[in-house]
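Undergrad: What follows is a single structure, and I will ask about it in a moment.
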2 protein chains.
Amino acid sequence: MCAWREIEGNLATPRGFRAAAIAAGIKKVAGALDLALIFSDARDTAAAGMFTTNRVAAAPVELSRRHLKETRGWARAVVVNSGNANACTGAEGLRTSEESARAAAKLLGISPRQVLVASTGVIGVPLKLDLILDQLPALSRNLSTESADDVARAIRTTDTFSKSCVLRTEAGVRSVCLAGVAKGAGMIHPRMATMLAFITTDAAVAPTVLRDVLCAAVNESFNHITVDGDTSTNDTVLALASGASGVTVRAGAKSASWFAAGLVELCQTLAKLIVKDGEGASKLVAVEVRGAKTAADADRVARAIANSPLVKTALAGSDPNWGRIMCAAGYSGARFDPAKVDILVNDFFLCRAGLDAGFDDTAARRELDQKHLTIRIDLHQGRAFGRIWTCDLTHDYITINASYRT
Amino acid sequence: MCAWREIEGNLATPRGFRAAAIAAGIKKVAGALDLALIFSDARDTAAAGMFTTNRVAAAPVELSRRHLKETRGWARAVVVNSGNANACTGAEGLRTSEESARAAAKLLGISPRQVLVASTGVIGVPLKLDLILDQLPALSRNLSTESADDVARAIRTTDTFSKSCVLRTEAGVRSVCLAGVAKGAGMIHPRMATMLAFITTDAAVAPTVLRDVLCAAVNESFNHITVDGDTSTNDTVLALASGASGVTVRAGAKSASWFAAGLVELCQTLAKLIVKDGEGASKLVAVEVRGAKTAADADRVARAIANSPLVKTALAGSDPNWGRIMCAAGYSGARFDPAKVDILVNDFFLCRAGLDAGFDDTAARRELDQKHLTIRIDLHQGRAFGRIWTCDLTHDYITINASYRT
């Protein structure tokens, strides 16, 4: 089997899928796409989901969890809206999610339990069911491979661009596709997915296998990004596998690792797009920690650095303030000897063996001025590696979030 | 014994102390005070210190810890500089701290081990020993009760105002004083002290007693504030007890609880001043959580809310976005039922029993526009209470920190 390569396309590029989006009036901006429907024509479409670890879970999270449990991982449709999270909305909010699923199911001729739902937007404001019920008929009529293009746009909130990725590989005489869309751009923190993402594939994958590879892929992608350290109430990653390619992925077989590799690549691409578009972000930053005693230590150091507002504001200002990086590593909880630590931006040494590397300030600033940065920390304590993708913290983050609700 | 009351004064209001500050050229601004000396004339002056939990501890932290251990809690002087943290400066940095202590000791006629040192400012830049050695003679000559006024100013970095507090109480025919100065204003996070503070008292307190009451007071004050979630490399709280009042504080006696109460009051006053002056802060915010199952749960919820950049930016914009507060509580790790939660700003209900309280937006904004706010969360799960003081997150935080080093 060949490697996966990125191609043009949308959620309906994997065979068996159709989708559409519409302006239902949930967002305040008139005419903005805010309701989408993803549908698989294949009767045996497997589904898997990963959801927020937040104790306060939104109604659509509750319902989708329940449906996946009841069907043991078979679903054919996703109803998703932006502009309102339907979180902290009580019994009424749950009913809104249920009625949305029921209405979509009726229009599509499937069971309500085969419909998954997701929402994103402001928390604590009732989501108007009527707006959804009014538009679902038109939405289901519009389902097509072309209009699937609109889904990535319809799930945006403060995102400044749409995030999607499509991968294809050849499997003998057949080809297999993986497609995904995602939205960020705030309340992004690794502890499950911390955003919305929808993934389609025309591989045939049993629900249990799909769940396992999705879990692994999320852990290697969406769980390694952070914008602001806030784990949202609505985090959802859903994957649907139509099987329409005729290629079957079997647990333990070569096909499983090959499919898993594609899914990791897809999820990492989407994850990095989310961070790149973090609220107010001007830079995509990979924090790579090597030479740790254990993988857990490497992870702790990378997360502490990636979450430190002081590091992130220094990155925004291209200030080679490596002391803040060392400081964050120091309170991360990892064990290391500060006197051994090297800190680099890309290949440029800021700190060598715990001390200022005597760098030229202008050269350091030039390095930090780039839009894609890698902050590299070598602890020289062992062989473990960890990486987190993050972004800088700018004035625009404050502007966006000081009056998000209004 | 009477209650403690606030009076005018400085670190030398408690009898036995003198202090002074000078412009040594460590700060970039010419003529800015950046070096201070605190001295006790009493031979038997007890001392206690609490220091950062950061694995990367600055040289002065290392040295002060060592001196307190070697003397078992007897010290008579503190040398403190601002403008340079002397952190991540290796063996050379430690030598700078040692030589500073040695020079001060010689001038004051005491043992170098009786001198404690502290530094604050940029990390990773060598601290010039000469600047300190040049000024110590003049500094020691200037020691007086009046020039002690300057210490609070000399320890400032990005602080916009000086922070000090003096308390007095009557103990029979005698009076006892407690005085303290502190500096913030960034890298403030509870995990020990996360700032500098120096406390003097003329009570006679044995080192072990002083250490215990200081530890308790720090836990109820400096360990309950947060500006940005970053635990610094230089956090230091030092207390000196001259005994010059003739009033002795004994462990287990009434005097111990009375002295402890004064120390808590002093530390809480200083802690709140630090948060009020948090970098870019426009509001002092108390986050109070009641009705938790355990004190640990209350603390988790309060800390998660107080540290959430999304909550803090909403507070900056007076946006009644209570969903973010609920969201932060949800990922705090505490156990509670979201459907029972009440959220108020002061006495104004934003969320009742997990749902929007149907408040008037303009009235909520008016409430949030105040400079001193209390965000109150009742979990209705038990009887435990927790509180953290924090501030809002504004554009100015970014401005200050994007180019702090330069």
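Identifiers for the structure tokens are assigned positionally: chains receive A, B, ... in sequence, residues are indexed from 1 per chain, and ligands are indexed from 1 in the order shown.
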Quick check: residues of chain B within 7 Å of chain A, only C-alpha atoms, returned as a PyMOL selection string.

TA: chain B and resi 54-56+88-90+123-125+228+230-233+308-310+313-314+316-317+319+321+323+327-328+330-331+338+354-356+394-395+398+401-403+405

Undergrad: Please give the complete set of residues from segment 145-282 of chain B that DSSP, run on the backbone, assigns to strand (DSSP E or B), formatted as an MDAnalysis selection string.

TA: chainID B and resid 163:171 174:183 196:201 204:205 225 236:241 248:249

Undergrad: Find the spatial neighbours of Ala239 of chain A, counting only C-alpha atoms, within a cut-off of 8 Å - ignore same-chain residues fewer than 5 positions away - and output them as a ChimeraX atom specification.

TA: /A:47-49,198-201,210,214

Undergrad: Write out as a PDB file with N, CA and C atoms, in the first residue's frame each polymer residue whose atoms come within 10 Å of Leu131 of chain B, counting only C-alpha atoms; drop sequence neighbours fewer than 5 positions from it.

TA:
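And here is the file that came out, part_38.pdb:
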```
ATOM      1  N   ALA B  23      19.902  53.644  44.390  1.00  0.00           N
ATOM      2  CA  ALA B  23      19.908  53.345  42.949  1.00  0.00           C
ATOM      3  C   ALA B  23      21.298  52.841  42.575  1.00  0.00           C
ATOM      4  N   ALA B  24      21.399  51.529  42.301  1.00  0.00           N
ATOM      5  CA  ALA B  24      22.715  50.930  42.041  1.00  0.00           C
ATOM      6  C   ALA B  24      22.979  50.731  40.550  1.00  0.00           C
ATOM      7  N   GLY B  25      22.028  51.089  39.723  1.00  0.00           N
ATOM      8  CA  GLY B  25      22.230  50.938  38.279  1.00  0.00           C
ATOM      9  C   GLY B  25      21.923  49.548  37.751  1.00  0.00           C
ATOM     10  N   ILE B  26      21.198  48.749  38.513  1.00  0.00           N
ATOM     11  CA  ILE B  26      20.811  47.414  38.037  1.00  0.00           C
ATOM     12  C   ILE B  26      19.611  47.525  37.103  1.00  0.00           C
ATOM     13  N   LEU B  35      18.256  48.586  44.906  1.00  0.00           N
ATOM     14  CA  LEU B  35      19.008  47.799  45.883  1.00  0.00           C
ATOM     15  C   LEU B  35      18.592  48.260  47.280  1.00  0.00           C
ATOM     16  N   LEU B 136      26.936  49.039  48.521  1.00  0.00           N
ATOM     17  CA  LEU B 136      26.624  48.537  49.877  1.00  0.00           C
ATOM     18  C   LEU B 136      27.135  49.452  50.997  1.00  0.00           C
TER      19      LEU B 136
END
```

Undergrad: Closest to Ser40 of chain A among A:Glu170, A:Asp202, A:Glu279, A:Asp347, using only C-alpha atoms?

TA: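 Closest to Ser40 of chain A, using only C-alpha atoms: A:Asp202.
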
Undergrad: So, counting only C-alpha atoms, which residue among B:Phe222, B:Phe348, B:Phe385, B:Phe359 is closest to Ala298 of chain B?

TA: B:Phe385

Undergrad: So how many Å separate atom CA of Trp4 of chain A and atom CA of Ser257 of chain A, to one decimal?

TA: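 Calculated distance between atom CA of Trp4 of chain A and atom CA of Ser257 of chain A is 12.4 Å.
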
Undergrad: Compile the contact shell of Lys27 of chain B as a PyMOL selection string: residues with an atom at most 8 Å away, counting only C-alpha atoms, same-chain residues fewer than 4 positions apart removed.

TA: chain B and resi 32-34+82-84

Undergrad: Emit the selected residues as an mmCIF file, in the first residue's frame, including all heavy atoms.

TA:
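The resulting file, out_23.cif, is shown below:
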```
data_model
loop_
_atom_site.group_PDB
_atom_site.id
_atom_site.type_symbol
_atom_site.label_atom_id
_atom_site.label_comp_id
_atom_site.auth_asym_id
_atom_site.auth_seq_id
_atom_site.Cartn_x
_atom_site.Cartn_y
_atom_site.Cartn_z
ATOM 1 N N ALA B 32 16.742 54.859 39.242
ATOM 2 C CA ALA B 32 15.665 54.090 39.863
ATOM 3 C C ALA B 32 16.211 53.268 41.036
ATOM 4 O O ALA B 32 17.243 52.613 40.918
ATOM 5 C CB ALA B 32 15.022 53.162 38.832
ATOM 6 N N LEU B 33 15.511 53.294 42.149
ATOM 7 C CA LEU B 33 15.914 52.495 43.308
ATOM 8 C C LEU B 33 15.871 51.018 42.947
ATOM 9 O O LEU B 33 14.888 50.534 42.385
ATOM 10 C CB LEU B 33 14.965 52.753 44.491
ATOM 11 C CG LEU B 33 14.978 54.163 45.089
ATOM 12 C CD1 LEU B 33 13.965 54.260 46.230
ATOM 13 C CD2 LEU B 33 16.370 54.531 45.590
ATOM 14 N N ASP B 34 16.946 50.276 43.231
ATOM 15 C CA ASP B 34 16.967 48.866 42.854
ATOM 16 C C ASP B 34 17.783 47.992 43.817
ATOM 17 O O ASP B 34 17.974 46.801 43.558
ATOM 18 C CB ASP B 34 17.481 48.688 41.422
ATOM 19 C CG ASP B 34 18.801 49.424 41.185
ATOM 20 O OD1 ASP B 34 19.452 49.805 42.182
ATOM 21 O OD2 ASP B 34 19.183 49.616 40.015
ATOM 22 N N SER B 82 16.231 44.573 42.728
ATOM 23 C CA SER B 82 15.280 44.385 41.639
ATOM 24 C C SER B 82 15.998 44.673 40.327
ATOM 25 O O SER B 82 17.122 45.156 40.318
ATOM 26 C CB SER B 82 14.074 45.312 41.816
ATOM 27 O OG SER B 82 14.514 46.659 41.868
ATOM 28 N N GLY B 83 15.344 44.322 39.211
ATOM 29 C CA GLY B 83 15.950 44.593 37.898
ATOM 30 C C GLY B 83 16.698 43.405 37.326
ATOM 31 O O GLY B 83 17.013 43.370 36.142
ATOM 32 N N ASN B 84 16.990 42.427 38.166
ATOM 33 C CA ASN B 84 17.696 41.227 37.710
ATOM 34 C C ASN B 84 17.417 40.111 38.720
ATOM 35 O O ASN B 84 17.655 40.276 39.911
ATOM 36 C CB ASN B 84 19.205 41.500 37.606
ATOM 37 C CG ASN B 84 19.956 40.348 36.949
ATOM 38 O OD1 ASN B 84 19.756 39.190 37.304
ATOM 39 N ND2 ASN B 84 20.807 40.654 35.988
#
```

Undergrad: List the spatial neighbours of Arg153 of chain A as a PyMOL selection string - criterion: any atom at most 7 Å away, only C-alpha atoms, same-chain residues fewer than 2 positions off excluded.

TA: chain A and resi 33+150-151+155-156+162

Undergrad: Do a neighbour search on Arg168 of chain B at 10 Å with only C-alpha atoms, toss out local chain neighbours closer than 5 positions, and write the hits as a ChimeraX atom specification.

TA: /B:2-8,13-14,175-179,201,262

Undergrad: Would you write out those residues with C-alpha atoms, as a compact mmCIF listing (two decimals), in the first residue's frame?

TA:
```txt
# COMPACT_ATOMS: atom_id res chain seq x y z
CA CYS B 2 -6.63 44.13 71.37
CA ALA B 3 -7.18 43.55 67.70
CA TRP B 4 -4.53 44.47 65.18
CA ARG B 5 -5.09 47.79 63.44
CA GLU B 6 -3.41 49.33 60.45
CA ILE B 7 -1.13 52.30 61.04
CA GLU B 8 1.22 54.47 59.00
CA THR B 13 8.17 50.74 62.57
CA PRO B 14 8.63 47.48 64.51
CA SER B 175 2.59 47.42 71.89
CA VAL B 176 3.68 45.04 69.17
CA CYS B 177 4.17 45.88 65.51
CA LEU B 178 4.13 43.84 62.32
CA ALA B 179 5.25 45.39 59.03
CA THR B 201 8.15 42.40 63.81
CA GLY B 262 -1.89 39.52 62.85
```

Undergrad: Pick out each residue of segment 261-378 of chain B that DSSP on the backbone tags as alpha helix (DSSP H); I need them as number ranges by chain.

TA: B: 261-276, 295-307, 309-316, 322-331, 361-368

Undergrad: Check the smallest atom-to-atom distance from each of B:Ala75, B:Ala185, B:Arg383, B:Ala138 to Ala296 of chain B using only C-alpha atoms, then report the winner.

TA: B:Arg383

Undergrad: Using only C-alpha atoms, can you tell me which of A:Thr158, A:Thr248, A:Ser255, A:Ser97 comes closest to Gly280 of chain A?

TA: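 Looking only at the distances to Gly280 of chain A, the closest residue turns out to be A:Thr158.
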